[in-house]
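Accompanying notes for the structure given below.
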Amino acid sequence: MDLSAVLSKVEHRRESSNEEEIESVLREYNRENSRTFNFDPKEEEKRKKLCEGLVRILEKDVRASCQTVCLETLRILSRDKKVLGPVATKQGMLVLAQLAALQGTGESVPEILEVGLVVEALKCLCNVIFNSVAAQQLSAEINLASGLCARLRMYTGQGLSHEVALFSLRLLFLLSALCTDVRSLLRQELKAVDLLIEILEHILSVKWVGKYEVATDLEAPPLPLEDNERAMEALKTLFNLTLSDFNDEDGAHQLRLITAMMRHVLMIKTQTEDKTEELHSHAINLLSNIPVLYLEVMISVQSQGGIEEYSGKNMDVIQVLMDFMVKRIDKGSNFKEGLTPVFSLMTESARHHRDIRKYLKAQVLPPLKDVKNRPEVGTTIRNKLVRLMTHVDTGVKQSAAEFLFVLCKESVDNLLKYTGYGNAAGLLAARGLLAGGRGGGQYSEDEDSDTEEYKSVKPFINPITGHVEEPMPNPIEEMTEEQKEYEALKLVNMFDQLSRQQIIQPMGVKQDGTIAPLAEAISQCSMESCSSDSD
């Protein structure tokens with residue numbers, strides 16, 4: 001539909017009798033553009049004027065159906081951040097907030113009379129705040145967060161429709177993500193963390209069986225898709241609100257409650273496998289914000305029993321985390337966003353909780369028996385993780401290597417046993433451990449015992465590749481001493497030439513385990529040798 005015709009109808013509205021005509025024109029425009037996300041740059045000024053005209057209509061006392069259609073059009077137009085000038089004003093934002101029933105007095109907000117109208121206004125606010133810095137700044141000025149919290153406090157009371165609750169939570173998430181001042185207000189004055197915990201309790205039908213323990217029925221029906229959608233928005237907002245430290249006693253209590261609820265979330269399923277994975281992903285992201293001190297809550301569930309070998313702790317949720325990690329690895333794409341949070345969570349949990357590390361080590365790095373294949377070849381979890389140690393993405397390979405290093409109690413010798421020197425070189429270089437030794441973590445003194453199968457072949461393992469290689473013919477076996485010397489000098493000259501042309505740079509390992517240009521490493525060794533020889 002021609003934009004000029006739409007604009008003409010909106011700009012020339014004078015009598016209330018035109019409302020039906022405007023509705024008809026806008027409905028047709030909305031139908032044609034419902035899935036439009038890329039707009040014609042040549043019509044940018046027309047779309048700006050249309051936004052301005054729609055705001056003027058919404059300020060008037062027109063019927064709800066006309067307001068709803070105008071908001072639908074404004075929602076479509078607000079996908080283009082270049083035309084939001086007329087909307088991202090104090091008056092424009094106040095109009096949208098009023099239509100969303102978020103402008104009340106004190107801690108109360110108006111009753112919702114037209115659900116469809118309120119939902120469209122909330123959707124518009126989401127788009128406008130996402131796409132406009134000016135709107136983000138104005139949101140604090142018009143107390144949008146306060147109105148949202150007041151609306152959401154009705155969630156567990158009289159209840160809200162699914163869409164009103166969903167888009168209220170989504171708007172709260174956007175404010176917490178994009179507005180630093182609002183994030184601080186939400187945490188401190190508006191007590192949004194407590195509010196979101198209550199909302200999650202309501203959505204998930206949480207039943208507490210201990211101070212920090214939720215009853216989880218593994219036979220319960222899957223979480224409905226609508227409940228799952230609202231839960232994910234709440235989790236995303238809690239993630240933003242837990243980015244900064246909680247230093248008081250109430251904060252510690254909140255973090256333990258969140259940890260217990262995230263354990264519950266990880267143990268339940270939704271109606272589809274993909275949605276379950278998405279829900280678990282948000283729970284893992286949130287848990288990665290929780291200080292490791294409180295992660296003990298995940299495995300301390302007395303009502304569900306534990307494993308004696310792991311001090312009576314329950315490792316069910318740790319197995320879920322590992323299964324999640326393997327599934328993301330097997331997908332073979334989007335490793336950075338998909339794997340980094342779960343790697344971080346499991347690494348820090350294993351670093352600070354002996355029983356978690358012990359359990360993960362048993363699953364990921366069981367005692368070696370067959371070392372005929374390279375560590376990166378195969379279908380075991382160890383094989384998959386070792387392959388990631390040489391991934392092209394630096395963040396992914398560092399995360400995978402650090403996880404395995406912690407499972408090996410940050411012992412270089414143990415790590416090399418499971419990965420080979422070639423796969424571990426990047427981590428060791430970054431940590432200054434190329435010369436061997438241990439990282440800085442504190443671990444128990446108990447040592448891992450090798451299997452008889454491993455002990456019998458240990459002398460024949462190539463430390464670089466980490467496996468037993470088939471005997472190779474010696475290429476210099478039949479050479480004379482003169483031929484060997486000639487080939488050695490030829491090789492030295494080739495390296496020298498490449499070095500002079502700066503194609504390669506010979507490196508050496510310094511005393512502190514870091515690498516440096518060969519001349520510098522040799523010089524340091526010579527100086528330290530001289531100083532140790534002097535009296």
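Identifiers in the structure tokens: chain A, B, ... in order shown; residue index from 1 per chain; ligand index from 1 in order shown.
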
*Run DSSP on the backbone of this structure and report the residues of range 198-276 of chain A it assigns to helix (DSSP H, G or I), as a PyMOL selection string.*
chain A and resi 198-204+225-241+249-267+273-276

Could those selected residues go to a file with N, CA and C atoms, as a short mmCIF file (atom, residue, chain, number, x, y, z; two decimals), in the first residue's frame?
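Generated file (selection_29.cif):
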data_model
loop_
_atom_site.label_atom_id
_atom_site.label_comp_id
_atom_site.auth_asym_id
_atom_site.auth_seq_id
_atom_site.Cartn_x
_atom_site.Cartn_y
_atom_site.Cartn_z
N GLU A 198 10.08 -14.42 43.14
CA GLU A 198 8.67 -14.77 43.39
C GLU A 198 7.96 -15.16 42.09
N ILE A 199 8.26 -14.42 41.02
CA ILE A 199 7.63 -14.71 39.73
C ILE A 199 8.04 -16.09 39.24
N LEU A 200 9.32 -16.42 39.37
CA LEU A 200 9.80 -17.74 38.95
C LEU A 200 9.17 -18.84 39.82
N GLU A 201 9.04 -18.58 41.11
CA GLU A 201 8.38 -19.55 41.99
C GLU A 201 6.96 -19.83 41.49
N HIS A 202 6.28 -18.76 41.06
CA HIS A 202 4.91 -18.88 40.57
C HIS A 202 4.85 -19.64 39.24
N ILE A 203 5.73 -19.27 38.30
CA ILE A 203 5.73 -19.90 36.98
C ILE A 203 6.06 -21.38 37.08
N LEU A 204 7.07 -21.70 37.89
CA LEU A 204 7.58 -23.07 37.97
C LEU A 204 6.89 -23.91 39.04
N LEU A 225 4.80 -24.32 27.12
CA LEU A 225 5.61 -23.40 26.33
C LEU A 225 5.44 -21.95 26.78
N GLU A 226 4.21 -21.55 27.13
CA GLU A 226 4.00 -20.17 27.56
C GLU A 226 4.71 -19.90 28.88
N ASP A 227 4.63 -20.84 29.82
CA ASP A 227 5.36 -20.69 31.08
C ASP A 227 6.87 -20.62 30.82
N ASN A 228 7.33 -21.42 29.88
CA ASN A 228 8.75 -21.43 29.54
C ASN A 228 9.19 -20.07 29.00
N GLU A 229 8.38 -19.48 28.15
CA GLU A 229 8.70 -18.16 27.59
C GLU A 229 8.86 -17.12 28.69
N ARG A 230 7.91 -17.09 29.63
CA ARG A 230 7.97 -16.11 30.71
C ARG A 230 9.16 -16.38 31.63
N ALA A 231 9.41 -17.66 31.90
CA ALA A 231 10.54 -18.01 32.77
C ALA A 231 11.86 -17.54 32.16
N MET A 232 12.02 -17.70 30.86
CA MET A 232 13.27 -17.28 30.21
C MET A 232 13.47 -15.77 30.27
N GLU A 233 12.40 -15.00 30.12
CA GLU A 233 12.53 -13.54 30.24
C GLU A 233 12.95 -13.16 31.66
N ALA A 234 12.38 -13.84 32.66
CA ALA A 234 12.76 -13.56 34.05
C ALA A 234 14.22 -13.93 34.30
N LEU A 235 14.68 -15.05 33.74
CA LEU A 235 16.06 -15.47 33.92
C LEU A 235 17.03 -14.48 33.27
N LYS A 236 16.69 -13.98 32.10
CA LYS A 236 17.54 -13.02 31.41
C LYS A 236 17.67 -11.73 32.23
N THR A 237 16.57 -11.30 32.84
CA THR A 237 16.61 -10.09 33.66
C THR A 237 17.44 -10.32 34.92
N LEU A 238 17.25 -11.47 35.56
CA LEU A 238 18.06 -11.79 36.74
C LEU A 238 19.54 -11.85 36.40
N PHE A 239 19.87 -12.33 35.21
CA PHE A 239 21.27 -12.34 34.78
C PHE A 239 21.84 -10.92 34.82
N ASN A 240 21.11 -9.95 34.28
CA ASN A 240 21.59 -8.57 34.28
C ASN A 240 21.71 -8.01 35.69
N LEU A 241 20.77 -8.37 36.55
CA LEU A 241 20.76 -7.80 37.90
C LEU A 241 21.80 -8.45 38.81
N GLU A 249 24.05 -9.60 53.71
CA GLU A 249 23.48 -10.89 54.08
C GLU A 249 22.26 -11.23 53.24
N ASP A 250 21.42 -10.22 52.97
CA ASP A 250 20.24 -10.46 52.13
C ASP A 250 20.67 -10.89 50.73
N GLY A 251 21.75 -10.29 50.23
CA GLY A 251 22.25 -10.65 48.92
C GLY A 251 22.70 -12.09 48.87
N ALA A 252 23.39 -12.55 49.91
CA ALA A 252 23.85 -13.95 49.97
C ALA A 252 22.66 -14.90 49.99
N HIS A 253 21.62 -14.52 50.73
CA HIS A 253 20.40 -15.34 50.78
C HIS A 253 19.75 -15.42 49.40
N GLN A 254 19.67 -14.28 48.71
CA GLN A 254 19.08 -14.26 47.38
C GLN A 254 19.86 -15.15 46.42
N LEU A 255 21.18 -15.08 46.47
CA LEU A 255 22.01 -15.86 45.55
C LEU A 255 21.85 -17.36 45.80
N ARG A 256 21.71 -17.75 47.05
CA ARG A 256 21.49 -19.17 47.35
C ARG A 256 20.12 -19.63 46.86
N LEU A 257 19.11 -18.76 47.03
CA LEU A 257 17.78 -19.10 46.51
C LEU A 257 17.81 -19.27 45.00
N ILE A 258 18.50 -18.34 44.32
CA ILE A 258 18.59 -18.41 42.86
C ILE A 258 19.30 -19.69 42.44
N THR A 259 20.39 -20.04 43.13
CA THR A 259 21.13 -21.25 42.80
C THR A 259 20.26 -22.49 42.95
N ALA A 260 19.50 -22.55 44.04
CA ALA A 260 18.60 -23.70 44.26
C ALA A 260 17.54 -23.78 43.16
N MET A 261 17.01 -22.63 42.76
CA MET A 261 15.98 -22.62 41.71
C MET A 261 16.57 -22.98 40.36
N MET A 262 17.82 -22.57 40.11
CA MET A 262 18.45 -22.92 38.83
C MET A 262 18.72 -24.42 38.75
N ARG A 263 19.02 -25.03 39.89
CA ARG A 263 19.17 -26.49 39.90
C ARG A 263 17.85 -27.13 39.46
N HIS A 264 16.76 -26.61 40.01
CA HIS A 264 15.43 -27.13 39.66
C HIS A 264 15.17 -26.94 38.16
N VAL A 265 15.50 -25.74 37.64
CA VAL A 265 15.28 -25.46 36.23
C VAL A 265 16.06 -26.44 35.36
N LEU A 266 17.30 -26.73 35.74
CA LEU A 266 18.13 -27.64 34.95
C LEU A 266 17.63 -29.08 34.98
N MET A 267 16.87 -29.42 36.00
CA MET A 267 16.38 -30.79 36.13
C MET A 267 15.02 -31.02 35.45
N GLU A 273 12.55 -30.39 22.80
CA GLU A 273 13.95 -30.52 23.16
C GLU A 273 14.70 -29.20 22.98
N ASP A 274 14.40 -28.48 21.90
CA ASP A 274 15.07 -27.20 21.64
C ASP A 274 14.76 -26.17 22.72
N LYS A 275 13.48 -26.10 23.13
CA LYS A 275 13.09 -25.14 24.16
C LYS A 275 13.70 -25.51 25.52
N THR A 276 13.83 -26.82 25.77
CA THR A 276 14.49 -27.24 27.01
C THR A 276 15.94 -26.78 27.02
#

- Message: Applying 12 Å and only C-alpha atoms, which residues near Ala121 in chain A remain after dropping the ones on its own chain fewer than 4 positions away? List them as a PyMOL selection string.
- Response: chain A and resi 55+58+64+67-76+78+92-102+114-117+125-128+163-164+167-168+171

Store the residues picked out above in a file with C-alpha atoms, as a PDB file, in the first residue's frame.
ATOM      1  CA  VAL A  55       1.529   9.774  18.388  1.00  0.00           C
ATOM      2  CA  LEU A  58      -2.827   8.275  20.420  1.00  0.00           C
ATOM      3  CA  ALA A  64      -9.663   1.459  21.854  1.00  0.00           C
ATOM      4  CA  GLN A  67      -5.612   3.038  19.378  1.00  0.00           C
ATOM      5  CA  THR A  68      -4.727  -0.637  18.987  1.00  0.00           C
ATOM      6  CA  VAL A  69      -4.373  -0.381  15.197  1.00  0.00           C
ATOM      7  CA  CYS A  70      -2.274   2.791  15.529  1.00  0.00           C
ATOM      8  CA  LEU A  71       0.013   0.992  17.996  1.00  0.00           C
ATOM      9  CA  GLU A  72       0.356  -1.957  15.611  1.00  0.00           C
ATOM     10  CA  THR A  73       1.515   0.441  12.879  1.00  0.00           C
ATOM     11  CA  LEU A  74       3.858   2.194  15.299  1.00  0.00           C
ATOM     12  CA  ARG A  75       5.309  -1.177  16.325  1.00  0.00           C
ATOM     13  CA  ILE A  76       6.100  -1.971  12.689  1.00  0.00           C
ATOM     14  CA  SER A  78       9.691   1.254  15.316  1.00  0.00           C
ATOM     15  CA  GLY A  92       5.727  10.200  23.201  1.00  0.00           C
ATOM     16  CA  MET A  93       7.073   7.878  25.893  1.00  0.00           C
ATOM     17  CA  LEU A  94       4.439   9.042  28.390  1.00  0.00           C
ATOM     18  CA  VAL A  95       1.701   8.300  25.861  1.00  0.00           C
ATOM     19  CA  LEU A  96       2.988   4.757  25.318  1.00  0.00           C
ATOM     20  CA  ALA A  97       3.451   4.172  29.050  1.00  0.00           C
ATOM     21  CA  GLN A  98      -0.084   5.364  29.730  1.00  0.00           C
ATOM     22  CA  LEU A  99      -1.528   3.080  27.053  1.00  0.00           C
ATOM     23  CA  ALA A 100       0.505   0.210  28.528  1.00  0.00           C
ATOM     24  CA  ALA A 101      -1.190   0.926  31.886  1.00  0.00           C
ATOM     25  CA  LEU A 102       2.172   1.661  33.530  1.00  0.00           C
ATOM     26  CA  GLU A 114      -8.178  -3.679  27.110  1.00  0.00           C
ATOM     27  CA  VAL A 115      -5.593  -6.488  27.073  1.00  0.00           C
ATOM     28  CA  GLY A 116      -4.881  -6.234  23.325  1.00  0.00           C
ATOM     29  CA  LEU A 117      -4.254  -2.489  23.613  1.00  0.00           C
ATOM     30  CA  LEU A 125       7.909   0.265  24.168  1.00  0.00           C
ATOM     31  CA  CYS A 126      10.161  -2.783  23.731  1.00  0.00           C
ATOM     32  CA  ASN A 127      11.034  -1.785  20.154  1.00  0.00           C
ATOM     33  CA  VAL A 128      11.486   1.896  20.911  1.00  0.00           C
ATOM     34  CA  GLU A 163       1.142 -11.708  26.766  1.00  0.00           C
ATOM     35  CA  VAL A 164       0.913  -8.867  29.292  1.00  0.00           C
ATOM     36  CA  PHE A 167       6.075  -8.347  27.351  1.00  0.00           C
ATOM     37  CA  SER A 168       6.248  -6.695  30.775  1.00  0.00           C
ATOM     38  CA  LEU A 171      10.574  -4.709  28.727  1.00  0.00           C
TER      39      LEU A 171
END

Atomic distance CA of Phe403 in chain A - CA of Thr347 in chain A, expressed in Å with one decimal:
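If I compute the distance from CA of Phe403 in chain A to CA of Thr347 in chain A, I get 5.0 Å.
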
- How far is it from CA of Lys369 in chain A to CA of Arg382 in chain A, in Å with one decimal?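 Separation of CA of Lys369 in chain A and CA of Arg382 in chain A: 13.1 Å.
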
Taking into account only C-alpha atoms, which residue in the set A:Arg79, A:Lys90, A:Arg500, A:Lys9 is nearest to Asn131 in chain A?
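The closest residue to Asn131 in chain A is A:Arg79.
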
Rounded to one decimal, what separation in Å do you get between CA of Arg328 in chain A and CA of Glu277 in chain A?
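Taking CA of Arg328 in chain A as the start and CA of Glu277 in chain A as the end point, the length is 9.4 Å.
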
Worksheet item: Which residue gives the smallest distance to Gly210 in chain A among A:Val182, A:Val297, A:Val371, A:Val87, with only C-alpha atoms counted?
Response: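 Between A:Val182, A:Val297, A:Val371, A:Val87, the residue approaching Gly210 in chain A most closely is A:Val297.
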